[in-house]
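*Asks:* Pasting a structure below so you can have a look.
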Amino acid sequence: MPHKSLALLALVAALSLPLFAEREPGVLRWGGDAEGGAPFVEADPADPSIVRGFDVAIAEAIAKRMGLKPRFVQVGYSSIDQSVERGDFEIGLSGVEDAPARRESRATTLPYFEFREVLTQRASDKVKAQSLAELRGKRVGTLGGTLAYDILMEKKDELALEVISYDDDVHPYEDLLQGRLDAVLLDHVIAARSQRRMKGLETLEQPVARGHYVAVLASGDRALRDRVDDALRAMMRDGELERIFRSWDCWDDGQRDLYARLLGGSVPPPFEIEGAPATAANPAATTPAPRPKVRIASYIPSLFRAAVITIVLSCVAMLLAVALGIAIASGRIYGGPVTRLLLTMYVEVMRGTPLLLQLFVIYYGLSAVVKLPAFVAALLGLGLNYAAFESEIYRGSLQAIPRGQLEAARTLGLTEGQVFRLVRAPQALRLALAPMTNDFVALLKDSSLVSVITVVELTKQTSILASNVGSWLVPGLLCAAMYLAMSLPLARLAGTLEERWKVRT
Amino acid sequence: MTAPVLKIDSLQLRRGERVVLRDVDLEIGRGERVALMGLSGGGKTTVLRAVVALEAFDGGTIDVDGVALRPGPVPKESALRALRAKVGMVFQMHCLFEHLTALGNVTLAPVHVFGKDRASAEKRAHELLESLGAGHRHDALPRELSGGEAQRVAIARALAVDPPLLLMDEPTASLDPARRNELAVLLRELADQGRTLVVSTHDVDFARDFASRIVVLAKGEIVEQGPPSSILENPQHPETKRLLQGE
């Protein structure tokens with residue numbers, strides 16, 4: 001049948017078309033996060049459509065030396081590893097840290113910059129710690145998924161540290177100034193930048209550890225990686241890297257020593273903890289010893305702990321939302337015109353603006369007035385937001401109760417309050433049950449948003465785990481299973497209640 | 001006639017510009033069975049609603065067995081407690097509380113409004129339902145009841161605190177002829193026990209079976225009243241004639 005084979009041919013042709021962005025000859029796509037800002041990658045203040053920074057300059061220089069045209073691809077910092085592996089771009093370059101897991105699961109280049117993990121504290125504090133050990137029992141913040149975070153987690157139990165993980169590198173310093181943290185551990189480039197931006201910070205000279213920035217490629221791209229390494233070596237040799245870092249005021253002797261080591265043929269370990277014996281990692285090894293396979297299993301307790309946070313947070317926030325929602329709905333039905341107007345405004349504002357924004361405002365925006373602990377801010381944010389949605393459910397349900405019943409109740413002598421309590425609300429609750437269950441499940445999942453205000457709940461913990469094992473597959477499945485384990489019983493409970501109320505009072 | 005259970009004096013009620021009730025005077029004695037008749041929109045239901053203070057009125061007075069209602073906004077429910085012990089109302093659609101059983105519907109007011117203990121309220125409710133022929137349905141939810149059963153539960157609910165006056169709005173609307181006759185018999189029994197009944201209806205056969213007096217309302221005014229024999233056999237007012245011809 002010629003028609004059929006023609007159709008098949010067309011299908012094959014269509015499938016072979018580049019449906020997704022693909023490698024283009026003569027182009028080197030590189031991924032970076034412009035939100036990371038200067039001196040790494042930032043939108044050019046003069047022309048925000050282009051980016052600049054030392055990572056930009058290095059990417060362009062690498063492309064040039066390989067005879068390719070550089071093309072920038074914006075990607076969230078925490079997604080660089082995943083994105084490069086799925087082929088969104090060939091090379092990720094945005095202050096990406098050298099790490100054993102990354103070396104193992106991706107093709108990483110030679111390190112091109114050595115950074116020092118440094119402690120920053122409030123200048124106004126009379127007594128300042130001179131080392132990480134002196135911060136025993138204190139609250140220390142950092143950017144999640146970084147070497148600094150791993151170091152803090154490693155020392156957490158030994159030093160009884162309270163480790164707070166952030167999604168960005170600006171808020172840790174703000175919280176430090178606010179008194180929510182006692183210290184911040186991050187690399188010296190970021191620490192220096194924050195000191196330029198904010199007054200009242202002081203950074204210790206003595207580093208806690210040394211690490212390196214590398215470029216990251218997909219695990220199957222080792223040949224391309226080797227060509228990038230050649231380009232990097234050439235740039236170390238002829239001083240182009242030095243020129244780039246000097247132009248961004250980031251050059252120091254650390255880089256000179258690093259380049260000397262690399263050009264001498266030795267590859268430094270991903271990182272070195274200050275004062276730790278050199279046996280922690282073999283300085284000569286390009287790839288460190290394979291990590292123990294129990295890695296994911298060892299994270300499961302922390303996933304469970306995070307799931308408990310998610311459950312407690314969701315349940316208490318839902319209780320708040322229900323109580324407040326009932327109050328708002330009653331106010332909008334029974335209240336005077338001013339009350340009704342105010343409540344309507346509340347509902348429209350809370351429904352009409354993103355929960356993420358509300359969380360930021362409650363935690364960071366209000367911090368000048370009231371410094372809420374992160375968990376309380378998360379509870380309030382979720383509760384206040386969902387109260388708006390709940391109130392609409394209750395208002396609709398209350399209004400669905402036939403007027404005749406309310407009048408019949410009045411002719412029996414029930415007061416307005418009794419009519420509400422004994423006749424209207426109990427029936428409205430039955431109507432509201434299904435949409436409420438829906439909202440509770442939605443809230444359970446929305447609770448993952450509170451990670452932006454440093455609460456480590458299930459999704460955040462999963463992303464920490466994923467960045468450590470270098471894959472989302474197993475952590476993602478585990479996390480999904482846990483969410484389902486939480487939401488399915490809820491649906492079941494709601495179903496049972498509905499069934500019971502259908503038959504009996 | 002003994003002291004009236006319901007005394008309405010020149011009742012006026014307007015909705016905006018429209019006059020709904022105009023100078024309605026009515027005096028009903030203990031044990032009377034009154035059928036309020038008239039075409040739709042004549043004001044029958046409005047009179048009943050005004051008597052149970054669901055409707056504010058603009059002039060005149062209503063006196064229910066010594067409890068007076070005045071013109072002006074409907075008072076707060078707490079000020080109407082005395083009225084609620086004097087008059088019960090059965091709505092056309094019954095308006096039972098859907099989340100409560102028949103028994104729960106009947107005991108709600110005695111327990112929560114009049115402070116009776118639950119056990120005695122339930123005992124009384126069982127007796128009432130039994131006497132109205134719905135005793136076996138005490139455990140059913142409203143949606144499980146037939147129209148006639150729901151009506152009996154609604155009557156029991158209205159009689160739960162033993163008011164001397166019972167109002168019913170269009171009780172035959174959803175009943176077949178056999179059930180209609182049963183209802184007439186039932187209501188006569190209630191009247192024989194000393195209750196006063198005022199029922200709005202445009203069902204002539206039912207009015208004949210049930211009423212001791214027929215009051216005809218047209219365009220918000222009482223145009224004619226008297227015993228069924230004279231009103232139904234020998235109507236004087238054109239509105240009454242129209243009503244009977246429509247049958």
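Every chain in the structure tokens has a letter given in the order shown (A, B, ...), and although residue numbers restart at 1 in each chain, ligands are simply numbered from 1 in the order shown.
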Please, which residues of chain A lie no more than 8 Å from chain B when the count uses only C-alpha atoms, and can they be set out as a PyMOL selection string?

*Replies:* chain A and resi 404-405+407-408+410-416+423+426-427+504-505

*Asks:* List the neighbours of stretch 453-465 of chain A out to 9 Å using only C-alpha atoms; skip same-chain residues closer than 2 positions along the sequence, and give me the result as an MDAnalysis selection string.

*Replies:* chainID A and resid 78 144:145 164:167 171 296 299 302:310 313 359:360 363:364 374:375 377:378 445 447:451 467:472 475:476 478:479 482:483

*Asks:* Emit the selected residues as a PDB file, in the first residue's frame, including C-alpha atoms.

*Replies:*
```pdb
ATOM      1  CA  SER A  78      20.762  24.392  40.933  1.00  0.00           C
ATOM      2  CA  GLY A 144      22.215  24.756  49.587  1.00  0.00           C
ATOM      3  CA  GLY A 145      23.926  22.134  47.447  1.00  0.00           C
ATOM      4  CA  ILE A 164      20.257  26.824  57.561  1.00  0.00           C
ATOM      5  CA  SER A 165      20.212  26.250  53.834  1.00  0.00           C
ATOM      6  CA  TYR A 166      19.242  28.993  51.377  1.00  0.00           C
ATOM      7  CA  ASP A 167      18.313  28.963  47.708  1.00  0.00           C
ATOM      8  CA  HIS A 171      19.449  36.233  51.872  1.00  0.00           C
ATOM      9  CA  ILE A 296      20.745   7.091  49.167  1.00  0.00           C
ATOM     10  CA  TYR A 299      19.534   9.919  53.316  1.00  0.00           C
ATOM     11  CA  SER A 302      16.485  12.791  56.702  1.00  0.00           C
ATOM     12  CA  LEU A 303      13.776  12.418  54.061  1.00  0.00           C
ATOM     13  CA  PHE A 304      11.445  11.054  56.719  1.00  0.00           C
ATOM     14  CA  ARG A 305      12.279  13.922  59.032  1.00  0.00           C
ATOM     15  CA  ALA A 306      11.570  16.350  56.197  1.00  0.00           C
ATOM     16  CA  ALA A 307       8.288  14.547  55.499  1.00  0.00           C
ATOM     17  CA  VAL A 308       7.297  15.081  59.138  1.00  0.00           C
ATOM     18  CA  ILE A 309       7.993  18.794  58.702  1.00  0.00           C
ATOM     19  CA  THR A 310       5.804  18.769  55.598  1.00  0.00           C
ATOM     20  CA  LEU A 313       3.381  22.332  58.465  1.00  0.00           C
ATOM     21  CA  LEU A 359       6.170  34.087  51.793  1.00  0.00           C
ATOM     22  CA  PHE A 360       8.988  36.452  50.854  1.00  0.00           C
ATOM     23  CA  TYR A 363       9.681  36.422  56.109  1.00  0.00           C
ATOM     24  CA  TYR A 364      11.983  39.021  54.611  1.00  0.00           C
ATOM     25  CA  ALA A 374      11.102  30.642  59.463  1.00  0.00           C
ATOM     26  CA  PHE A 375       8.670  27.896  60.451  1.00  0.00           C
ATOM     27  CA  ALA A 377       6.466  32.546  58.769  1.00  0.00           C
ATOM     28  CA  ALA A 378       5.868  29.462  56.615  1.00  0.00           C
ATOM     29  CA  LYS A 445       2.298  20.134  47.734  1.00  0.00           C
ATOM     30  CA  SER A 447       4.240  23.542  51.249  1.00  0.00           C
ATOM     31  CA  SER A 448       7.346  22.833  49.177  1.00  0.00           C
ATOM     32  CA  LEU A 449       7.452  26.563  48.386  1.00  0.00           C
ATOM     33  CA  VAL A 450       8.488  27.372  51.943  1.00  0.00           C
ATOM     34  CA  SER A 451      12.003  26.175  51.174  1.00  0.00           C
ATOM     35  CA  SER A 467      22.339  17.250  44.040  1.00  0.00           C
ATOM     36  CA  ASN A 468      24.497  14.993  46.195  1.00  0.00           C
ATOM     37  CA  VAL A 469      23.868  11.805  44.248  1.00  0.00           C
ATOM     38  CA  GLY A 470      23.887  13.732  40.993  1.00  0.00           C
ATOM     39  CA  SER A 471      20.552  12.369  39.792  1.00  0.00           C
ATOM     40  CA  TRP A 472      16.899  13.157  40.336  1.00  0.00           C
ATOM     41  CA  PRO A 475      15.317  10.794  44.990  1.00  0.00           C
ATOM     42  CA  GLY A 476      12.454  12.049  42.839  1.00  0.00           C
ATOM     43  CA  LEU A 478      11.206   8.433  46.697  1.00  0.00           C
ATOM     44  CA  CYS A 479       9.872  11.935  47.218  1.00  0.00           C
ATOM     45  CA  MET A 482       6.214  10.011  50.185  1.00  0.00           C
ATOM     46  CA  TYR A 483       3.866  12.733  48.973  1.00  0.00           C
TER      47      TYR A 483
END
```

*Asks:* Taking 6 positions as the minimum chain separation for residues in the same chain, which residues sit within 9 Å of stretch 24-29 of chain B when counting only C-alpha atoms? Answer as a PyMOL selection string.

*Replies:* chain B and resi 1-12+47+60+196+198+215+220-222

*Asks:* Please determine, counting only C-alpha atoms, which residue among B:Pro164, B:Asp169, B:Asp205, B:Glu233 has the shortest atom-to-atom distance to B:Glu32.

*Replies:*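 Smallest separation from B:Glu32 among the options: B:Pro164.
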
*Asks:* For B:Lys44, find every residue with an atom within 9 Å (counting only C-alpha atoms), except residues of its own chain fewer than 2 positions away, and show them as number ranges by chain.

*Replies:* B: 36-42, 46-49, 169, 199-201, 216-218, 220

*Asks:* Go ahead and write the selection's residues with N, CA and C atoms as a PDB file, in the first residue's frame.

*Replies:*
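part.pdb, written as the output of this step:
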```
ATOM      1  N   LEU B  36     -57.334  30.159  54.383  1.00  0.00           N
ATOM      2  CA  LEU B  36     -57.092  31.422  53.690  1.00  0.00           C
ATOM      3  C   LEU B  36     -57.067  31.084  52.209  1.00  0.00           C
ATOM      4  N   MET B  37     -58.042  31.616  51.474  1.00  0.00           N
ATOM      5  CA  MET B  37     -58.096  31.270  50.059  1.00  0.00           C
ATOM      6  C   MET B  37     -57.884  32.492  49.195  1.00  0.00           C
ATOM      7  N   GLY B  38     -57.629  32.245  47.936  1.00  0.00           N
ATOM      8  CA  GLY B  38     -57.411  33.351  47.013  1.00  0.00           C
ATOM      9  C   GLY B  38     -56.500  32.904  45.906  1.00  0.00           C
ATOM     10  N   LEU B  39     -56.517  33.690  44.812  1.00  0.00           N
ATOM     11  CA  LEU B  39     -55.646  33.350  43.701  1.00  0.00           C
ATOM     12  C   LEU B  39     -54.194  33.661  44.076  1.00  0.00           C
ATOM     13  N   SER B  40     -53.305  33.099  43.322  1.00  0.00           N
ATOM     14  CA  SER B  40     -51.882  33.355  43.579  1.00  0.00           C
ATOM     15  C   SER B  40     -51.614  34.850  43.578  1.00  0.00           C
ATOM     16  N   GLY B  41     -50.776  35.297  44.508  1.00  0.00           N
ATOM     17  CA  GLY B  41     -50.452  36.716  44.576  1.00  0.00           C
ATOM     18  C   GLY B  41     -51.468  37.506  45.366  1.00  0.00           C
ATOM     19  N   GLY B  42     -52.463  36.836  45.945  1.00  0.00           N
ATOM     20  CA  GLY B  42     -53.497  37.536  46.699  1.00  0.00           C
ATOM     21  C   GLY B  42     -53.018  37.989  48.062  1.00  0.00           C
ATOM     22  N   THR B  46     -48.161  35.835  52.474  1.00  0.00           N
ATOM     23  CA  THR B  46     -47.580  36.986  53.155  1.00  0.00           C
ATOM     24  C   THR B  46     -48.200  37.177  54.535  1.00  0.00           C
ATOM     25  N   VAL B  47     -49.511  36.953  54.639  1.00  0.00           N
ATOM     26  CA  VAL B  47     -50.158  37.064  55.948  1.00  0.00           C
ATOM     27  C   VAL B  47     -49.518  36.072  56.926  1.00  0.00           C
ATOM     28  N   LEU B  48     -49.370  34.828  56.466  1.00  0.00           N
ATOM     29  CA  LEU B  48     -48.781  33.813  57.349  1.00  0.00           C
ATOM     30  C   LEU B  48     -47.360  34.201  57.756  1.00  0.00           C
ATOM     31  N   ARG B  49     -46.582  34.680  56.786  1.00  0.00           N
ATOM     32  CA  ARG B  49     -45.191  35.040  57.074  1.00  0.00           C
ATOM     33  C   ARG B  49     -45.112  36.222  58.034  1.00  0.00           C
ATOM     34  N   ASP B 169     -48.726  26.554  54.980  1.00  0.00           N
ATOM     35  CA  ASP B 169     -48.740  27.229  53.681  1.00  0.00           C
ATOM     36  C   ASP B 169     -48.915  26.191  52.580  1.00  0.00           C
ATOM     37  N   VAL B 199     -54.694  27.830  57.459  1.00  0.00           N
ATOM     38  CA  VAL B 199     -54.053  27.162  56.340  1.00  0.00           C
ATOM     39  C   VAL B 199     -54.307  27.954  55.073  1.00  0.00           C
ATOM     40  N   SER B 200     -53.249  28.281  54.350  1.00  0.00           N
ATOM     41  CA  SER B 200     -53.462  28.939  53.054  1.00  0.00           C
ATOM     42  C   SER B 200     -53.610  27.861  51.996  1.00  0.00           C
ATOM     43  N   THR B 201     -54.563  28.048  51.105  1.00  0.00           N
ATOM     44  CA  THR B 201     -54.780  27.033  50.067  1.00  0.00           C
ATOM     45  C   THR B 201     -55.596  27.628  48.934  1.00  0.00           C
ATOM     46  N   VAL B 216     -61.403  34.796  52.145  1.00  0.00           N
ATOM     47  CA  VAL B 216     -60.924  34.989  50.769  1.00  0.00           C
ATOM     48  C   VAL B 216     -60.144  36.294  50.682  1.00  0.00           C
ATOM     49  N   LEU B 217     -58.905  36.181  50.233  1.00  0.00           N
ATOM     50  CA  LEU B 217     -58.019  37.338  50.051  1.00  0.00           C
ATOM     51  C   LEU B 217     -57.854  37.584  48.567  1.00  0.00           C
ATOM     52  N   ALA B 218     -57.993  38.849  48.160  1.00  0.00           N
ATOM     53  CA  ALA B 218     -57.711  39.187  46.768  1.00  0.00           C
ATOM     54  C   ALA B 218     -56.999  40.517  46.741  1.00  0.00           C
ATOM     55  N   GLY B 220     -54.530  41.589  48.249  1.00  0.00           N
ATOM     56  CA  GLY B 220     -54.108  42.115  49.544  1.00  0.00           C
ATOM     57  C   GLY B 220     -55.245  42.536  50.450  1.00  0.00           C
TER      58      GLY B 220
END
```

*Asks:* Hey, what's within 10 Å of B:Val111 if we count only C-alpha atoms and toss same-chain stuff fewer than 5 positions away? As an MDAnalysis selection string, please?

*Replies:* chainID B and resid 104 106 116:122 161

*Asks:* Could you check how far atom CA of A:Pro100 sits from atom CA of A:Asp88, in Å to one decimal?

*Replies:*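 The value is 23.0 Å.
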
*Asks:* Using only C-alpha atoms, which residue out of A:Leu224, A:Tyr334, A:Gly265, A:Lys126 lies closest to A:Gly417?

*Replies:*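 Smallest distance to A:Gly417 is found for A:Tyr334.
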
*Asks:* Among stretch 124-182 of chain A, which ones does DSSP place in alpha helix (DSSP H), written as a ChimeraX atom specification?

*Replies:* /A:147-159,171-178
